[in-house]
Every structure is written in C-alpha cells, then in structure tokens.
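Colleague: I have a structure here, written as structure tokens, and I will follow up with some questions on it.
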Amino acid sequence: MSRYVYALLAERPRGEAGEGLQSEPLAFLRVEGLLAAVGELPAAPPVTRATLLAHDAVVRRLASSVDAILPVQFGTVVDDEAALAEAITPRMARLHAALARVAGREQMTLRVFGEATGTDHAPSIDPALGPGARYLDARRRMHGAAAVPELGPLRQALAPMVRAEHVERHARPPLVASVYHLIDRGRADAYRTAIAETAVALAPMRVTASGPWPPYAFARESLS
Amino acid sequence: MAAVQLRRRRDVSPTAAEARAMVETADASLLDVVDNLLNKGVVLSGDVVLGLAGVDLIYVRLSVLLCAADRIVEERGE
Amino acid sequence: MTTRDDAGGTRPARTPRPGVTAARADVAEIESLRAELERRVQDLAPPRWTADPEDVQRSVAKLVLTLVEFLRQLMERQAIRRMEAQTLTPEETERVGLALMRLEDTIRDIGARFGLAPEDLNLDLGPLGRLR
C-alpha cells in the first residue's frame with residue numbers, strides 16, 4: 001500500500017476530513033510545519049474522467065474547510081512518511097511561501113483566443129546601441145510579452161480582484177495564452193461580471209473563464 | 001540499441017497514453033480539470049533518471065538539486 | 001467556494017464575434033486547447049523507446065542541448081534582471097547580449113543538424129518546472 005497525496009495544508013481541516021477518491025479514509029501526515037492529506041491506496045489510480053473529477057472533488061472539499069491549500073499533482077504517490085519528508089523538507093520555505101500566497105484565495109482560469117500580437121513593437125531602443133544590447137532588450141520585451149498585452153482593457157477591470165497571476169503563452173492558434181488568476185474567495189461572480197462587461201472591448205480577442213478552482217496553478221514552482 | 005533516456009522517475013504515475021486518450025475525448029470543462037490536475041499542482045516525486053538501453057543508470061535527486069540551485073543563484077546576485 | 005454542477009459547470013463569459021457563429025468559433029478554440037494539453041501531458045511519461053541505433057546520437061545531442069538551453073535561460077533571466085536593475089555597464093550589456101545571442105544560434109544550429117527544433121529541447125524537471 002502507498003500513500004496517494006491530494007494536497008498540502010498548514011492545518012487540519014475543520015470538521016470531518018471525509019473520504020478519498022476511492023472512498024478510502026483520509027489521513028494527515030505531518031512533515032515539520034506542513035500537513036499532507038493522503039489516502040492509502042494500492043497504487044495511483046488510472047487517468048480517467050471519473051478519477052480526475054473525483055480527485056478534484058476531494059481537493060475542493062478540503063479547500064472549503066481550510067484557509068490555505070496547495071493541491072498536489074494527480075497521480076502522486078509516496079511509499080511512506082519518510083519518502084514524503086524527503087521530498088518536502090528541502091523545499092519547506094518555498095512551500096510555506098506558496099501556502100501564504102494562496103491563503104483565503106481561489107483560482108480563475110482564462111483562455112485567451114485570437115491572433116497573437118504579443119511583442120511590443122515600440123522602438124524604445126537607442127539606435128546607438130550595439131547588436132548585443134539590442135538582442136538583450138528584445139529578449140526583455142519578449143519576456144514582458146508573457147504578460148499578455150493583448151488583454152489590455154480586461155486587466156484594468158480585473159485588477160482590483162487579482163492577487164496574483166500566472167501566465168502561459170501558447171503557440172497554438174487560435175489559443176494565444178492561458179492566464180491563471182488568484183482572487184479572494186467569493187469574488188468569482190464579480191470577476192465574471194468584469195469579463196462580461198469588458199469582453200466587447202477586447203475584440204477581436206476572445207476570452208473564456210472557468211472557475212473558481214482550488215489554487216492548482218499557484219502550487220507549482222517555477223525556475224523564475 | 002536503445003536511445004539515451006531522460007525521464008522523471010515516479011513510482012506509479014499516469015501513463016502518457018492514458019492521459020492522451022482521455023484528453024482526446026474530453027469535453028471543454030474536463031479539459032480545464034485535466035490542465036489543473038495533470039499540468040499543475042505541487043510535484044513531489046521529481047527525480048530524473050538517466051538510462052541506456054532500458055536500464056536505469058543514474059538517479060538524480062531533484063530535491064537536492066533544487067536546494068543547490070537556489071543557493072547558487074542567490075550567491076551570485078548583484 | 002461555490003459548487004459546480006455535475007457537468008463540470010464551466011461558464012464561459014464571452015460575446016459572439018460578429019459574422020462568425022459562436023459554435024464554429026468554440027470548436028476551433030476547444031480543439032486548440034485540446035491539442036495544447038495533449039502535448040503537455042506527453043511529458044508525464046518517459047519518451048518512447050526506439051530501436052534505431054542512429055537515434056543514440058540524436059538523443060545524446062538532445063540531452064546535452066536541453067541542458068545547455070536550461071543554463072542559457074537561467075543566464076538570460078539573470079542578465080535581464082541586472083540590465084533592468086542597471087548593475088551592468090553598457091559594455092557588459094553589449095558583451096553579455098552578444099554571447100547569449102551567439103549561444104542561442106549555436107544551440108539552434110547544432111540542433112538542426114540532428115533534426116531538433118527549439119521546441120524539442122523541453123524538459124520537465126518536476127518541482128523545477130518546465131523549460132518551455
């Protein structure tokens with residue numbers, strides 16, 4: 001038997017923990033200042049519609065009874081507490097920081113469709129600069145393009161609600177980018193309203209929103 | 001003769017075939033679930049295995065590498 | 001958090017584009033998201049085993065170039081940070097920029113010789129994230 005890991009928490013959930021996706025009882029393993037919500041399963045479940053939805057349901061239920069939760073990627077299994085500690089301990093500080101960031105918050109997912117323009121074509125560079133400096137400046141602006149400038153008017157409307165943002169640009173027309181927003185819990189309706197009201201101004205770009213979700217996109221660490 | 005394989009080692013993990021099959025038939029809302037559950041979330045079992053001819057040879061523990069990378073990057077700041 | 005309905009309950013907020021039916025626009029959009037996710041989930045499992053002996057060279061090249069690309073990206077990010085913080089002299093900026101540019105070209109050229117496009121140099125390092 002192994003431990004199938006659902007999420008990392010700072011504290012035990014209020015009330016009943018409930019069951020896992022195969023109706024197994026949930027347990028909470030402590031690793032220093034964190035708790036891992038786990039279920040004892042013979043192996044990671046197969047990837048099916050039913051198992052994915054069931055896993056998400058477990059994470060949602062946990063999320064509703066704690067302030068901060070870091071969902072763990074589907075299919076994560078550890079042999080025992082020692083293996084869990086080995087994986088978590090070297091990253092304890094980062095995990096705590098991530099938990100602090102998602103406390104009291106949930107995720108909305110935006111998909112941005114249309115024609116990518118992305119780069120900022122403004123010739124803001126000094127023509128006297130050499131090719132190396134120009135290259136570096138172009139790379140800087142390209143990283144800035146990851147902020148999806150196409151979203152312009154929508155950003156202003158959403159700004160009061162957005163606590164953090166994670167962007168993934170896609171080279172997959174008409175899909176331009178996926179934008180993940182961390183908002184205060186309970187603000188999803190206001191968020192959707194802002195999108196509905198600004199949608200016309202975005203044309204020809206189109207945006208679809210889904211959520212609220214537990215903060216999946218804000219749990220994964222990145223190089224930067 | 002097998003190619004050099006670079007892969008992440010996970011004791012039991014969803015296979016790409018299973019995941020792909022699921023994505024192929026997923027409706028729009030399930031795609032969002034797939035994105036969240038398979039592409040996001042904390043990754044715990046991040047070990048890289050270097051292998052040849054189907055034989056695992058070198059096991060790189062990423063948790064240690066992550067720690068080291070953090071320290072190295074910080075030391076060489078401005 | 002509100003509960004969702006049992007169909008998954010995503011409610012897109014959108015305005016139909018004039019002249020294009022909403023249904024057609026949706027299909028292309030959903031398919032593009034599907035294609036993107038298909039590509040991403042491939043990273044979950046080991047790459048396919050091949051029996052072609054010539055592939056050994058290609059996969060070694062891929063491994064090496066991917067690691068070099070990983071380092072190049074780290075260096076580029078740091079260089080940009082320092083450029084923005086103005087802790088590089090103009091001469092240093094020019095030199096570092098040129099070096100990164102040449103490194104990017106070199107990686108692309110060597111990759112091309114093995115039939116590797118820049119997108120192929122991807123690596124899912126688990127907790128460290130993906131390169132692309």
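Labels used: A, B, ... for chains in the order of the structure tokens, numbers from 1 for residues in each chain, and numbers from 1 for ligands as shown.
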Within 10 Å of chain B, which residues of chain A come that close, and what is the closest atom pair and distance in Å for each? Count only C-alpha atoms and give it as a tab-separated table.
Modeller:
residue	atom	partner	partner_atom	distance
A:Ser2	CA	B:Val12	CA	9.7
A:Tyr4	CA	B:Val12	CA	9.9
A:Val5	CA	B:Leu44	CA	9.1
A:Tyr6	CA	B:Gly41	CA	9.6
A:Ala7	CA	B:Val42	CA	8.0
A:Leu8	CA	B:Val42	CA	8.4
A:Ala43	CA	B:Val12	CA	6.5
A:Ala44	CA	B:Val12	CA	5.8
A:Pro45	CA	B:Pro14	CA	7.7
A:Pro46	CA	B:Pro14	CA	6.1
A:Val47	CA	B:Ala19	CA	5.8
A:Thr48	CA	B:Met22	CA	6.2
A:Arg49	CA	B:Met22	CA	7.0
A:Leu52	CA	B:Val33	CA	7.1
A:Leu53	CA	B:Val33	CA	7.3
A:His55	CA	B:Leu37	CA	8.4
A:Asp56	CA	B:Leu37	CA	7.6
A:Leu70	CA	B:Val42	CA	6.8
A:Pro71	CA	B:Gly41	CA	5.1
A:Val72	CA	B:Val42	CA	4.4
A:Gln73	CA	B:Gly41	CA	4.4
A:Phe74	CA	B:Leu37	CA	5.2
A:Gly75	CA	B:Ser13	CA	5.4
A:Thr76	CA	B:Ser13	CA	6.9
A:Val77	CA	B:Val12	CA	6.6
A:Val78	CA	B:Ser45	CA	7.7
A:Asp79	CA	B:Asp11	CA	8.5
A:Ala83	CA	B:Ser45	CA	9.1
A:Leu84	CA	B:Leu44	CA	7.9
A:Glu86	CA	B:Ser63	CA	7.9
A:Ala87	CA	B:Leu44	CA	5.8
A:Ile88	CA	B:Leu44	CA	7.2
A:Thr89	CA	B:Ser63	CA	8.7
A:Pro90	CA	B:Ser63	CA	6.2
A:Arg91	CA	B:Cys67	CA	7.3
A:Leu95	CA	B:Val42	CA	9.0
A:Thr109	CA	B:Asp32	CA	8.2
A:Arg111	CA	B:Asp32	CA	9.8
A:Ser210	CA	B:Asp32	CA	7.7
A:Gly211	CA	B:Asp32	CA	9.0
A:Trp213	CA	B:Asn36	CA	8.6
A:Pro214	CA	B:Asn36	CA	9.0
A:Pro215	CA	B:Gly41	CA	8.0
A:Tyr216	CA	B:Gly41	CA	4.7
A:Ala217	CA	B:Lys40	CA	5.3
A:Phe218	CA	B:Gly41	CA	7.3
A:Ala219	CA	B:Gly41	CA	4.9
A:Arg220	CA	B:Val42	CA	4.8
A:Glu221	CA	B:Val42	CA	7.3
A:Leu223	CA	B:Leu66	CA	9.5
Colleague: Could you list, as a VMD selection string, every residue within 12 Å of Ala112 in chain C, counting only C-alpha atoms and ignoring same-chain residues fewer than 4 positions away?
Modeller: chain C and resid 58 61 to 62 65 105 to 108 116 to 121
Colleague: Dump C-alpha atoms for the selected residues as an mmCIF file, in the first residue's frame?
Modeller:
data_model
loop_
_atom_site.group_PDB
_atom_site.id
_atom_site.type_symbol
_atom_site.label_atom_id
_atom_site.label_comp_id
_atom_site.auth_asym_id
_atom_site.auth_seq_id
_atom_site.Cartn_x
_atom_site.Cartn_y
_atom_site.Cartn_z
ATOM 1 C CA ARG C 58 20.299 12.292 -31.649
ATOM 2 C CA ALA C 61 22.513 15.619 -28.615
ATOM 3 C CA LYS C 62 19.018 16.330 -27.345
ATOM 4 C CA LEU C 65 21.422 20.715 -25.872
ATOM 5 C CA ASP C 105 22.259 30.487 -32.569
ATOM 6 C CA THR C 106 24.719 27.730 -31.745
ATOM 7 C CA ILE C 107 22.101 25.667 -29.947
ATOM 8 C CA ARG C 108 19.748 26.078 -32.878
ATOM 9 C CA LEU C 116 15.889 19.031 -33.355
ATOM 10 C CA ALA C 117 13.774 22.175 -33.289
ATOM 11 C CA PRO C 118 13.996 24.561 -30.305
ATOM 12 C CA GLU C 119 10.614 23.259 -29.046
ATOM 13 C CA ASP C 120 12.101 19.755 -28.804
ATOM 14 C CA LEU C 121 14.551 20.902 -26.168
#
Colleague: Of the candidates A:Val167, A:Val176, A:Leu99, A:Leu29, which shows the shortest atom-to-atom distance to Ser32 in chain C, using only C-alpha atoms?
Modeller: A:Val176
Colleague: Apply DSSP to the backbone of this structure and, from range 101-166 of chain A, keep only the residues in alpha helix (DSSP H); write these as a list in words.
Modeller: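 The residues of range 101-166 of chain A classed as alpha helix (DSSP H) are Arg101, Val102, Pro131, Gly132, Ala133, Arg134, Tyr135, Leu136, Asp137, Ala138, Arg139, Arg140, Arg141, Met142, His143, Gly144, Ala145, Gly152, Pro153, Leu154, Arg155, Gln156, Ala157 and Leu158 of chain A.
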Colleague: The selected residues should be written to file as a PDB file, in the first residue's frame (atoms: N, CA and C atoms).
Modeller:
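Heads up, here's the output in selection.pdb:
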ATOM      1  N   ARG A 101       0.658  32.599   0.098  1.00  0.00           N
ATOM      2  CA  ARG A 101       0.148  33.336  -1.048  1.00  0.00           C
ATOM      3  C   ARG A 101      -1.286  32.925  -1.393  1.00  0.00           C
ATOM      4  N   VAL A 102      -1.610  31.655  -1.219  1.00  0.00           N
ATOM      5  CA  VAL A 102      -2.943  31.197  -1.624  1.00  0.00           C
ATOM      6  C   VAL A 102      -3.962  31.245  -0.497  1.00  0.00           C
ATOM      7  N   PRO A 131      24.517  45.457 -31.320  1.00  0.00           N
ATOM      8  CA  PRO A 131      23.639  44.301 -31.537  1.00  0.00           C
ATOM      9  C   PRO A 131      23.402  43.476 -30.264  1.00  0.00           C
ATOM     10  N   GLY A 132      24.405  43.388 -29.404  1.00  0.00           N
ATOM     11  CA  GLY A 132      24.236  42.598 -28.182  1.00  0.00           C
ATOM     12  C   GLY A 132      23.202  43.222 -27.250  1.00  0.00           C
ATOM     13  N   ALA A 133      23.316  44.541 -27.075  1.00  0.00           N
ATOM     14  CA  ALA A 133      22.373  45.239 -26.196  1.00  0.00           C
ATOM     15  C   ALA A 133      20.971  45.196 -26.772  1.00  0.00           C
ATOM     16  N   ARG A 134      20.887  45.319 -28.102  1.00  0.00           N
ATOM     17  CA  ARG A 134      19.561  45.275 -28.745  1.00  0.00           C
ATOM     18  C   ARG A 134      18.936  43.906 -28.571  1.00  0.00           C
ATOM     19  N   TYR A 135      19.752  42.853 -28.688  1.00  0.00           N
ATOM     20  CA  TYR A 135      19.259  41.488 -28.508  1.00  0.00           C
ATOM     21  C   TYR A 135      18.701  41.314 -27.105  1.00  0.00           C
ATOM     22  N   LEU A 136      19.462  41.773 -26.130  1.00  0.00           N
ATOM     23  CA  LEU A 136      19.037  41.614 -24.738  1.00  0.00           C
ATOM     24  C   LEU A 136      17.754  42.386 -24.478  1.00  0.00           C
ATOM     25  N   ASP A 137      17.651  43.553 -25.090  1.00  0.00           N
ATOM     26  CA  ASP A 137      16.441  44.347 -24.916  1.00  0.00           C
ATOM     27  C   ASP A 137      15.239  43.654 -25.557  1.00  0.00           C
ATOM     28  N   ALA A 138      15.464  43.060 -26.733  1.00  0.00           N
ATOM     29  CA  ALA A 138      14.391  42.327 -27.396  1.00  0.00           C
ATOM     30  C   ALA A 138      13.941  41.140 -26.534  1.00  0.00           C
ATOM     31  N   ARG A 139      14.880  40.467 -25.909  1.00  0.00           N
ATOM     32  CA  ARG A 139      14.544  39.328 -25.039  1.00  0.00           C
ATOM     33  C   ARG A 139      13.771  39.833 -23.822  1.00  0.00           C
ATOM     34  N   ARG A 140      14.160  40.977 -23.327  1.00  0.00           N
ATOM     35  CA  ARG A 140      13.448  41.544 -22.174  1.00  0.00           C
ATOM     36  C   ARG A 140      12.002  41.825 -22.541  1.00  0.00           C
ATOM     37  N   ARG A 141      11.802  42.386 -23.735  1.00  0.00           N
ATOM     38  CA  ARG A 141      10.436  42.704 -24.138  1.00  0.00           C
ATOM     39  C   ARG A 141       9.642  41.436 -24.430  1.00  0.00           C
ATOM     40  N   MET A 142      10.332  40.398 -24.891  1.00  0.00           N
ATOM     41  CA  MET A 142       9.668  39.133 -25.149  1.00  0.00           C
ATOM     42  C   MET A 142       9.179  38.506 -23.848  1.00  0.00           C
ATOM     43  N   HIS A 143       9.982  38.601 -22.809  1.00  0.00           N
ATOM     44  CA  HIS A 143       9.540  38.091 -21.510  1.00  0.00           C
ATOM     45  C   HIS A 143       8.352  38.916 -21.024  1.00  0.00           C
ATOM     46  N   GLY A 144       8.393  40.198 -21.316  1.00  0.00           N
ATOM     47  CA  GLY A 144       7.284  41.057 -20.937  1.00  0.00           C
ATOM     48  C   GLY A 144       6.014  40.694 -21.684  1.00  0.00           C
ATOM     49  N   ALA A 145       6.187  40.201 -22.913  1.00  0.00           N
ATOM     50  CA  ALA A 145       5.022  39.791 -23.712  1.00  0.00           C
ATOM     51  C   ALA A 145       4.281  38.647 -23.051  1.00  0.00           C
ATOM     52  N   GLY A 152      -5.076  43.969 -22.465  1.00  0.00           N
ATOM     53  CA  GLY A 152      -5.276  45.383 -22.147  1.00  0.00           C
ATOM     54  C   GLY A 152      -6.447  45.805 -21.286  1.00  0.00           C
ATOM     55  N   PRO A 153      -7.595  46.117 -21.892  1.00  0.00           N
ATOM     56  CA  PRO A 153      -8.718  46.680 -21.133  1.00  0.00           C
ATOM     57  C   PRO A 153      -9.229  45.732 -20.048  1.00  0.00           C
ATOM     58  N   LEU A 154      -9.092  44.448 -20.294  1.00  0.00           N
ATOM     59  CA  LEU A 154      -9.585  43.483 -19.312  1.00  0.00           C
ATOM     60  C   LEU A 154      -8.778  43.557 -18.026  1.00  0.00           C
ATOM     61  N   ARG A 155      -7.495  43.759 -18.163  1.00  0.00           N
ATOM     62  CA  ARG A 155      -6.623  43.848 -16.992  1.00  0.00           C
ATOM     63  C   ARG A 155      -7.071  44.912 -16.028  1.00  0.00           C
ATOM     64  N   GLN A 156      -7.405  46.082 -16.561  1.00  0.00           N
ATOM     65  CA  GLN A 156      -7.833  47.186 -15.713  1.00  0.00           C
ATOM     66  C   GLN A 156      -9.068  46.803 -14.931  1.00  0.00           C
ATOM     67  N   ALA A 157     -10.013  46.155 -15.640  1.00  0.00           N
ATOM     68  CA  ALA A 157     -11.264  45.775 -14.987  1.00  0.00           C
ATOM     69  C   ALA A 157     -11.032  44.723 -13.912  1.00  0.00           C
ATOM     70  N   LEU A 158     -10.064  43.844 -14.150  1.00  0.00           N
ATOM     71  CA  LEU A 158      -9.834  42.753 -13.209  1.00  0.00           C
ATOM     72  C   LEU A 158      -8.871  43.116 -12.088  1.00  0.00           C
TER      73      LEU A 158
END
Colleague: Residues near Pro90 in chain C, anyone? I mean within 10 Å using only C-alpha atoms, not counting same-chain ones fewer than 4 positions away, as a list in words.
Modeller: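 Selected residues are Leu129, Gly130 and Ala133 of chain A; Met83, Gln86, Glu94, Arg95 and Val96 of chain C.
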